[in-house]
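Below is one structure, written out as structure tokens; the observations come after it.
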Amino acid sequence: MNKEKKVVLLVDDSLVVLERMISMLEGAENIEFVVHAGTCKEALAILDDLRPDYILLDIHLPDDNGMNLLKFVREKYKQMLVFMMTNQATPQYREACRMLGASRFFDKSLDFDLIPAALSA
């Protein structure tokens with residue numbers, strides 16, 4: 001297992017999600033730090049500067065659909081692991097994200113607590 005600490009980019013416009021996720025990840029041994037973006041535009045600016053190891057990406061964002069950002073990341077930053085998150089985890093969204101190259105897909109209502117372990121795996 002790689003012991004190097006990782007950087008996580010959390011892209012979500014919900015303050016509740018942000019606070020809860022950062023709280024959950026603070027104690028993870030393999031996470032160096034978490035940076036937050038509330039929009040796709042903010043995430044794009046961070047991606048070029050920071051090059052995170054993981055992206056936790058909501059599907060519904062104020063300025064664009066997270067799946068468009070997923071597609072961009074897969075084309076430009078192939079090594080980054082992208083974990084999609086949504087409260088609307090329909091089979092159609094799951095399949096579309098899988099086809100676009102998402103590493104994992106999480107239903108925020110049911111799977112939220114599984115995300116830290118997935119980042120450690």
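By convention in this document, the chains of the structure tokens carry letters A, B, ... by their order, each chain's residues are numbered from 1, and ligands are numbered from 1 in the order they are shown.
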
Exercise: segment 5-17 of chain A partners within 6 Å, only C-alpha atoms, chain neighbours under 3 positions left out, as a PyMOL selection string: chain A and resi 20-21+30-38+52-58

Counting only C-alpha atoms, the option among A:Ala28, A:Ala89, A:Ala117, A:Leu69 closest to Cys40 of chain A: A:Leu69

Residues within 10 Å of Ser103 of chain A, only C-alpha atoms, excluding chain neighbours under 3 positions, as a PyMOL selection string: chain A and resi 54-55+80-84+97-98+100+118

Could the residues in this selection be saved with C-alpha atoms as a PDB file, in the first residue's frame?
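result_19.pdb, written as the output of this step:
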ATOM      1  CA  TYR A  54      -8.713  12.418  -5.649  1.00  0.00           C
ATOM      2  CA  ILE A  55     -11.748  14.423  -6.654  1.00  0.00           C
ATOM      3  CA  MET A  80      -6.804  11.374 -10.974  1.00  0.00           C
ATOM      4  CA  LEU A  81      -9.411   9.251  -9.261  1.00  0.00           C
ATOM      5  CA  VAL A  82     -12.862  10.815  -9.490  1.00  0.00           C
ATOM      6  CA  PHE A  83     -15.573   9.731  -7.067  1.00  0.00           C
ATOM      7  CA  MET A  84     -19.012  10.988  -8.038  1.00  0.00           C
ATOM      8  CA  CYS A  97     -20.770   8.339 -14.677  1.00  0.00           C
ATOM      9  CA  ARG A  98     -19.297   4.869 -15.135  1.00  0.00           C
ATOM     10  CA  LEU A 100     -17.470   8.739 -18.434  1.00  0.00           C
ATOM     11  CA  ALA A 118     -12.795   4.265  -0.446  1.00  0.00           C
TER      12      ALA A 118
END
